[in-house]
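Trainee: Got a structure for you, target-v8.pdb, holding PDB, C-alpha atoms, pLDDT in the B column.
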ATOM      1  CA  MET K   1      97.522 110.792  10.600  1.00 68.00           C
ATOM      2  CA  GLY K   2     100.934 112.223  11.460  1.00 87.00           C
ATOM      3  CA  SER K   3     104.053 110.658  12.894  1.00 95.00           C
ATOM      4  CA  LEU K   4     104.692 109.217  16.331  1.00 96.00           C
ATOM      5  CA  PHE K   5     107.922 111.239  16.462  1.00 97.00           C
ATOM      6  CA  GLY K   6     108.810 114.846  15.794  1.00 96.00           C
ATOM      7  CA  SER K   7     112.092 113.832  14.138  1.00 97.00           C
ATOM      8  CA  THR K   8     110.368 111.693  11.475  1.00 97.00           C
ATOM      9  CA  LEU K   9     107.473 112.272   9.098  1.00 96.00           C
ATOM     10  CA  ASN K  10     105.945 108.816   8.764  1.00 96.00           C
ATOM     11  CA  THR K  11     106.406 106.749  11.933  1.00 98.00           C
ATOM     12  CA  ARG K  12     103.222 104.912  12.876  1.00 97.00           C
ATOM     13  CA  TYR K  13     101.744 101.638  14.054  1.00 97.00           C
ATOM     14  CA  LEU K  14     100.418  99.154  11.552  1.00 96.00           C
ATOM     15  CA  PRO K  15      96.629  98.804  11.723  1.00 95.00           C
ATOM     16  CA  ALA K  16      96.961  95.288  13.176  1.00 88.00           C
ATOM     17  CA  GLY K  17      99.114  93.564  15.749  1.00 70.00           C
ATOM     18  CA  GLY K  18      98.752  96.193  18.490  1.00 88.00           C
ATOM     19  CA  GLU K  19     102.135  97.780  19.148  1.00 92.00           C
ATOM     20  CA  LYS K  20     104.133  94.926  17.579  1.00 97.00           C
ATOM     21  CA  PHE K  21     104.901  96.637  14.257  1.00 98.00           C
ATOM     22  CA  ILE K  22     105.969 100.248  13.707  1.00 98.00           C
ATOM     23  CA  ARG K  23     106.701 101.451  10.183  1.00 98.00           C
ATOM     24  CA  SER K  24     108.770 104.572   9.592  1.00 98.00           C
ATOM     25  CA  ASP K  25     110.919 106.743   7.438  1.00 97.00           C
ATOM     26  CA  ALA K  26     114.626 106.620   8.330  1.00 97.00           C
ATOM     27  CA  PRO K  27     115.150 107.351  12.050  1.00 98.00           C
ATOM     28  CA  VAL K  28     118.449 109.156  11.637  1.00 97.00           C
ATOM     29  CA  ASN K  29     117.848 112.102  13.986  1.00 96.00           C
ATOM     30  CA  LEU K  30     115.932 110.557  16.874  1.00 97.00           C
ATOM     31  CA  THR K  31     115.955 112.521  20.100  1.00 97.00           C
ATOM     32  CA  GLU K  32     116.874 110.935  23.423  1.00 97.00           C
ATOM     33  CA  ALA K  33     113.190 111.132  24.393  1.00 98.00           C
ATOM     34  CA  GLU K  34     112.204 109.232  21.216  1.00 98.00           C
ATOM     35  CA  ILE K  35     114.834 106.566  21.867  1.00 98.00           C
ATOM     36  CA  ASP K  36     113.556 106.266  25.448  1.00 97.00           C
ATOM     37  CA  TRP K  37     110.007 105.944  24.087  1.00 98.00           C
ATOM     38  CA  LEU K  38     111.105 103.031  21.877  1.00 98.00           C
ATOM     39  CA  ARG K  39     112.717 101.326  24.874  1.00 98.00           C
ATOM     40  CA  GLU K  40     109.627 101.911  27.040  1.00 97.00           C
ATOM     41  CA  HIS K  41     107.459 100.392  24.307  1.00 97.00           C
ATOM     42  CA  ARG K  42     109.723  97.318  24.063  1.00 98.00           C
ATOM     43  CA  VAL K  43     110.878  98.005  20.516  1.00 98.00           C
ATOM     44  CA  THR K  44     113.979  95.842  20.374  1.00 98.00           C
ATOM     45  CA  THR K  45     114.195  94.742  16.722  1.00 98.00           C
ATOM     46  CA  VAL K  46     115.171  97.374  14.142  1.00 98.00           C
ATOM     47  CA  ILE K  47     115.050  96.500  10.435  1.00 98.00           C
ATOM     48  CA  ASP K  48     116.672  98.903   7.960  1.00 98.00           C
ATOM     49  CA  LEU K  49     115.306  98.235   4.457  1.00 98.00           C
ATOM     50  CA  ARG K  50     117.661 100.670   2.695  1.00 96.00           C
ATOM     51  CA  GLU K  51     120.550  99.863   0.400  1.00 94.00           C
ATOM     52  CA  LYS K  52     124.006  99.965   1.980  1.00 93.00           C
ATOM     53  CA  ASP K  53     124.946 103.279   0.318  1.00 93.00           C
ATOM     54  CA  GLU K  54     121.773 104.901   1.692  1.00 94.00           C
ATOM     55  CA  TYR K  55     122.606 103.591   5.142  1.00 93.00           C
ATOM     56  CA  LEU K  56     126.196 104.832   4.907  1.00 95.00           C
ATOM     57  CA  SER K  57     125.103 108.345   3.939  1.00 96.00           C
ATOM     58  CA  ARG K  58     122.468 108.537   6.714  1.00 96.00           C
ATOM     59  CA  PRO K  59     123.135 105.952   9.471  1.00 96.00           C
ATOM     60  CA  CYS K  60     120.325 104.779  11.720  1.00 96.00           C
ATOM     61  CA  ALA K  61     120.427 106.430  15.148  1.00 95.00           C
ATOM     62  CA  LEU K  62     119.631 103.082  16.835  1.00 97.00           C
ATOM     63  CA  GLU K  63     122.431 100.974  15.418  1.00 95.00           C
ATOM     64  CA  GLY K  64     124.826  99.897  18.159  1.00 94.00           C
ATOM     65  CA  LEU K  65     122.687 101.193  21.030  1.00 96.00           C
ATOM     66  CA  ASP K  66     122.091  98.879  23.968  1.00 95.00           C
ATOM     67  CA  GLY K  67     118.743  97.152  23.830  1.00 96.00           C
ATOM     68  CA  PHE K  68     118.312  97.277  20.041  1.00 98.00           C
ATOM     69  CA  MET K  69     119.005  94.438  17.601  1.00 97.00           C
ATOM     70  CA  TYR K  70     119.767  96.155  14.278  1.00 97.00           C
ATOM     71  CA  HIS K  71     119.402  94.394  10.894  1.00 97.00           C
ATOM     72  CA  LEU K  72     120.389  95.898   7.537  1.00 97.00           C
ATOM     73  CA  LEU K  73     118.127  93.975   5.108  1.00 97.00           C
ATOM     74  CA  PRO K  74     117.764  95.847   1.800  1.00 96.00           C
ATOM     75  CA  VAL K  75     114.547  95.207  -0.096  1.00 96.00           C
ATOM     76  CA  THR K  76     115.111  93.915  -3.617  1.00 90.00           C
ATOM     77  CA  GLY K  77     114.743  96.695  -6.173  1.00 81.00           C
ATOM     78  CA  GLY K  78     114.878  99.552  -3.689  1.00 72.00           C
ATOM     79  CA  GLY K  79     117.177 102.503  -3.498  1.00 68.00           C
ATOM     80  CA  SER K  80     116.733 104.159  -6.872  1.00 74.00           C
ATOM     81  CA  THR K  81     113.880 106.079  -8.442  1.00 77.00           C
ATOM     82  CA  PRO K  82     112.252 104.208 -11.353  1.00 84.00           C
ATOM     83  CA  ALA K  83     112.051 106.085 -14.652  1.00 84.00           C
ATOM     84  CA  THR K  84     108.358 105.519 -15.410  1.00 86.00           C
ATOM     85  CA  PRO K  85     105.153 104.489 -13.606  1.00 86.00           C
ATOM     86  CA  ASP K  86     105.379 101.117 -15.413  1.00 87.00           C
ATOM     87  CA  ASP K  87     108.889 100.676 -14.003  1.00 88.00           C
ATOM     88  CA  MET K  88     107.483 101.464 -10.551  1.00 88.00           C
ATOM     89  CA  ARG K  89     104.901  98.690 -10.902  1.00 86.00           C
ATOM     90  CA  ARG K  90     107.665  96.268 -11.932  1.00 87.00           C
ATOM     91  CA  VAL K  91     109.707  97.293  -8.886  1.00 89.00           C
ATOM     92  CA  TYR K  92     106.748  96.573  -6.598  1.00 89.00           C
ATOM     93  CA  ALA K  93     106.171  93.167  -8.188  1.00 87.00           C
ATOM     94  CA  GLY K  94     109.893  92.373  -7.917  1.00 90.00           C
ATOM     95  CA  MET K  95     109.985  93.070  -4.184  1.00 93.00           C
ATOM     96  CA  LEU K  96     108.168  89.799  -3.466  1.00 94.00           C
ATOM     97  CA  ASP K  97     111.086  87.412  -3.310  1.00 95.00           C
ATOM     98  CA  ALA K  98     113.147  85.385  -0.834  1.00 95.00           C
ATOM     99  CA  GLN K  99     114.580  88.573   0.700  1.00 96.00           C
ATOM    100  CA  MET K 100     111.047  89.854   1.413  1.00 97.00           C
ATOM    101  CA  ASP K 101     110.191  86.496   3.007  1.00 97.00           C
ATOM    102  CA  ARG K 102     113.272  86.816   5.211  1.00 98.00           C
ATOM    103  CA  ILE K 103     112.398  90.394   6.234  1.00 98.00           C
ATOM    104  CA  ALA K 104     108.780  89.513   7.043  1.00 98.00           C
ATOM    105  CA  SER K 105     109.835  86.404   8.982  1.00 97.00           C
ATOM    106  CA  ILE K 106     112.333  88.338  11.115  1.00 98.00           C
ATOM    107  CA  ALA K 107     109.702  90.997  11.843  1.00 98.00           C
ATOM    108  CA  MET K 108     106.899  88.569  12.605  1.00 97.00           C
ATOM    109  CA  ASN K 109     109.068  86.299  14.766  1.00 97.00           C
ATOM    110  CA  ALA K 110     110.807  89.083  16.691  1.00 97.00           C
ATOM    111  CA  PRO K 111     110.783  88.499  20.456  1.00 96.00           C
ATOM    112  CA  GLU K 112     109.329  91.944  21.130  1.00 97.00           C
ATOM    113  CA  ASN K 113     108.204  94.950  19.083  1.00 98.00           C
ATOM    114  CA  VAL K 114     109.680  95.908  15.717  1.00 98.00           C
ATOM    115  CA  LEU K 115     110.594  99.171  13.988  1.00 98.00           C
ATOM    116  CA  TYR K 116     111.276  98.884  10.254  1.00 98.00           C
ATOM    117  CA  PHE K 117     111.963 101.609   7.729  1.00 98.00           C
ATOM    118  CA  CYS K 118     113.415 102.771   4.437  1.00 96.00           C
ATOM    119  CA  SER K 119     114.346 106.329   3.489  1.00 94.00           C
ATOM    120  CA  ALA K 120     110.838 107.827   3.263  1.00 94.00           C
ATOM    121  CA  GLY K 121     108.819 104.936   4.699  1.00 95.00           C
ATOM    122  CA  LYS K 122     106.877 104.783   1.452  1.00 95.00           C
ATOM    123  CA  ASP K 123     107.607 102.092  -1.157  1.00 94.00           C
ATOM    124  CA  ARG K 124     109.857  99.489   0.482  1.00 96.00           C
ATOM    125  CA  THR K 125     108.303 100.045   3.901  1.00 97.00           C
ATOM    126  CA  GLY K 126     104.878  99.992   2.263  1.00 96.00           C
ATOM    127  CA  ALA K 127     105.620  96.644   0.637  1.00 96.00           C
ATOM    128  CA  VAL K 128     106.886  95.110   3.889  1.00 98.00           C
ATOM    129  CA  SER K 129     103.808  96.467   5.676  1.00 98.00           C
ATOM    130  CA  ALA K 130     101.528  94.941   3.055  1.00 97.00           C
ATOM    131  CA  VAL K 131     103.213  91.545   3.378  1.00 97.00           C
ATOM    132  CA  ILE K 132     102.990  91.566   7.190  1.00 98.00           C
ATOM    133  CA  LEU K 133      99.361  92.703   7.169  1.00 98.00           C
ATOM    134  CA  HIS K 134      98.476  90.143   4.490  1.00 97.00           C
ATOM    135  CA  ARG K 135     100.046  87.381   6.577  1.00 96.00           C
ATOM    136  CA  LEU K 136      98.029  88.599   9.573  1.00 96.00           C
ATOM    137  CA  GLY K 137      94.829  88.247   7.518  1.00 96.00           C
ATOM    138  CA  VAL K 138      94.073  91.967   7.312  1.00 97.00           C
ATOM    139  CA  PRO K 139      91.647  92.869   4.463  1.00 97.00           C
ATOM    140  CA  ASP K 140      93.115  94.441   1.326  1.00 97.00           C
ATOM    141  CA  ASP K 141      91.130  97.676   1.808  1.00 97.00           C
ATOM    142  CA  VAL K 142      92.734  98.206   5.238  1.00 97.00           C
ATOM    143  CA  ILE K 143      96.182  97.462   3.803  1.00 98.00           C
ATOM    144  CA  ALA K 144      95.621  99.943   0.959  1.00 97.00           C
ATOM    145  CA  ALA K 145      94.375 102.611   3.392  1.00 97.00           C
ATOM    146  CA  ASP K 146      97.487 102.160   5.542  1.00 97.00           C
ATOM    147  CA  TYR K 147      99.665 102.498   2.451  1.00 97.00           C
ATOM    148  CA  MET K 148      97.852 105.651   1.337  1.00 96.00           C
ATOM    149  CA  ALA K 149      98.267 107.272   4.790  1.00 96.00           C
ATOM    150  CA  THR K 150     101.883 107.694   3.715  1.00 95.00           C
ATOM    151  CA  LYS K 151     100.739 110.086   0.981  1.00 95.00           C
ATOM    152  CA  GLU K 152      99.128 112.325   3.596  1.00 94.00           C
ATOM    153  CA  ASN K 153     102.164 112.218   5.877  1.00 95.00           C
ATOM    154  CA  LEU K 154     104.763 112.833   3.173  1.00 95.00           C
ATOM    155  CA  MET K 155     102.964 115.136   0.736  1.00 95.00           C
ATOM    156  CA  PRO K 156     104.794 118.357   1.738  1.00 94.00           C
ATOM    157  CA  MET K 157     108.155 116.589   1.421  1.00 93.00           C
ATOM    158  CA  LEU K 158     107.158 114.966  -1.886  1.00 94.00           C
ATOM    159  CA  GLU K 159     105.937 118.283  -3.311  1.00 95.00           C
ATOM    160  CA  ALA K 160     109.230 119.916  -2.319  1.00 96.00           C
ATOM    161  CA  PHE K 161     111.155 117.081  -4.007  1.00 93.00           C
ATOM    162  CA  LEU K 162     109.093 117.442  -7.185  1.00 95.00           C
ATOM    163  CA  SER K 163     109.638 121.213  -7.265  1.00 96.00           C
ATOM    164  CA  ARG K 164     113.410 120.585  -7.135  1.00 96.00           C
ATOM    165  CA  HIS K 165     113.149 117.788  -9.740  1.00 93.00           C
ATOM    166  CA  PRO K 166     110.573 118.820 -12.371  1.00 94.00           C
ATOM    167  CA  GLU K 167     111.891 116.073 -14.661  1.00 91.00           C
ATOM    168  CA  VAL K 168     110.460 113.371 -12.335  1.00 90.00           C
ATOM    169  CA  ASP K 169     106.954 112.117 -13.057  1.00 91.00           C
ATOM    170  CA  PRO K 170     104.817 112.725  -9.931  1.00 93.00           C
ATOM    171  CA  ALA K 171     103.190 109.299 -10.461  1.00 91.00           C
ATOM    172  CA  ILE K 172     106.543 107.747  -9.560  1.00 90.00           C
ATOM    173  CA  VAL K 173     107.077 109.424  -6.193  1.00 91.00           C
ATOM    174  CA  ILE K 174     103.538 110.026  -4.914  1.00 94.00           C
ATOM    175  CA  PRO K 175     102.009 106.867  -3.383  1.00 94.00           C
ATOM    176  CA  CYS K 176      99.554 105.266  -5.788  1.00 93.00           C
ATOM    177  CA  GLU K 177      97.029 102.743  -4.504  1.00 95.00           C
ATOM    178  CA  ALA K 178      97.316 100.732  -7.729  1.00 93.00           C
ATOM    179  CA  ASN K 179     100.922  99.825  -6.831  1.00 93.00           C
ATOM    180  CA  ILE K 180     100.015  98.258  -3.504  1.00 95.00           C
ATOM    181  CA  ARG K 181      96.959  96.555  -5.031  1.00 95.00           C
ATOM    182  CA  LEU K 182      99.264  94.983  -7.647  1.00 93.00           C
ATOM    183  CA  LEU K 183     101.543  93.714  -4.897  1.00 94.00           C
ATOM    184  CA  LEU K 184      98.559  92.300  -2.979  1.00 96.00           C
ATOM    185  CA  GLU K 185      97.303  90.529  -6.115  1.00 95.00           C
ATOM    186  CA  LYS K 186     100.727  88.941  -6.591  1.00 93.00           C
ATOM    187  CA  LEU K 187     100.753  87.901  -2.925  1.00 93.00           C
ATOM    188  CA  ARG K 188      97.440  86.099  -3.378  1.00 90.00           C
ATOM    189  CA  ARG K 189      98.786  84.220  -6.397  1.00 90.00           C
ATOM    190  CA  THR K 190     101.968  83.017  -4.678  1.00 80.00           C
TER     191      THR K 190
END
Could you rewrite the structure in this file as C-alpha cells?
Mentor:
Amino acid sequence: MGSLFGSTLNTRYLPAGGEKFIRSDAPVNLTEAEIDWLREHRVTTVIDLREKDEYLSRPCALEGLDGFMYHLLPVTGGGSTPATPDDMRRVYAGMLDAQMDRIASIAMNAPENVLYFCSAGKDRTGAVSAVILHRLGVPDDVIAADYMATKENLMPMLEAFLSRHPEVDPAIVIPCEANIRLLLEKLRRT
C-alpha cells in the first residue's frame, strides 16, 4: 500500500469519502513539496490525536502554518503501550467516548479535506478511521482491511521496535484485526 509521502510511513486516503479523509502517522518532518501537496489537495483541517507530551516532543509540521486549522484532540486511552493484549482490547473499547464523538464530528464536518494522525497512525488513528468509516456506512470487512493495511506499512518499523524491546509482547504493537472488530462491535451496540 505505502504512504502518500516520503517523510511518513502510513499516510493514505480512507477507502471512502474520496479525498476528504487522510489518515497518517505523525507528520513531523514534512517537506515543502508535501506541504504544498496538502494545500493543493485542499487539506485544511489537521487533527492531532496524540497526548500533549507526545506533541511537545515531536511537534506537527503544520501547526501555525497559513491555510491549516490545527486541533490537538487526544484520543482517550492513547499515548502509552498497554501491558497485555487484554489491556489493548480494553484500550480500544475505551476509545469510544465523548472525545471520540467530538473528533469524528470535527473531521466529518470540516469545510474541506482532513488530515488526522497519532504517532504511528495505527491504534488511535485506526479507531478514528473505523468510526468515520462506520458513520459513512462502509462495511466492516472494508474497515478491517483498511486497519490491517497499517500492518503492511509499519511492519519494518514495528519489527525494529520489537528488536529493541524484547520485553514487549508483539501482539500489543502489531495491528490485530480482532481489536478493530471489537471496536466495530461496540459501535454497533451504541
Trainee: From the options K:Ala171, K:Leu4, K:Arg124, K:Thr11, which residue's atoms come nearest to Ser80 in chain K, counting only C-alpha atoms?
Mentor: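 Looking at the shortest contact to Ser80 in chain K, the residue is K:Arg124.
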Trainee: CA of Asp86 in chain K and CA of Leu182 in chain K are how many Å apart?
Mentor: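 Computed distance, CA of Asp86 in chain K to CA of Leu182 in chain K, equals 11.6 Å.
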Trainee: Nearest to Gly6 in chain K among K:Gly121, K:Pro27, K:Gly18, K:Ala127, with distances taken over all atoms listed in the file: which residue is it?
Mentor: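 Among the listed residues, the smallest separation from Gly6 in chain K belongs to K:Pro27.
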Trainee: Do you have the CA of His134 in chain K-CA of Gly94 in chain K distance handy?
Mentor: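 Interatomic distance, CA of His134 in chain K to CA of Gly94 in chain K: 17.0 Å.
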Trainee: For Val75 in chain K, list every protein, DNA or RNA residue within 7 Å, evaluated using all atoms listed in the file, and leave out those in the same chain fewer than 3 positions away; present the list as a list in words.
Mentor: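 Near Val75 in chain K, the qualifying residues are Leu49, Arg50, Gly78, Met95, Gln99, Met100 and Arg124 of chain K.
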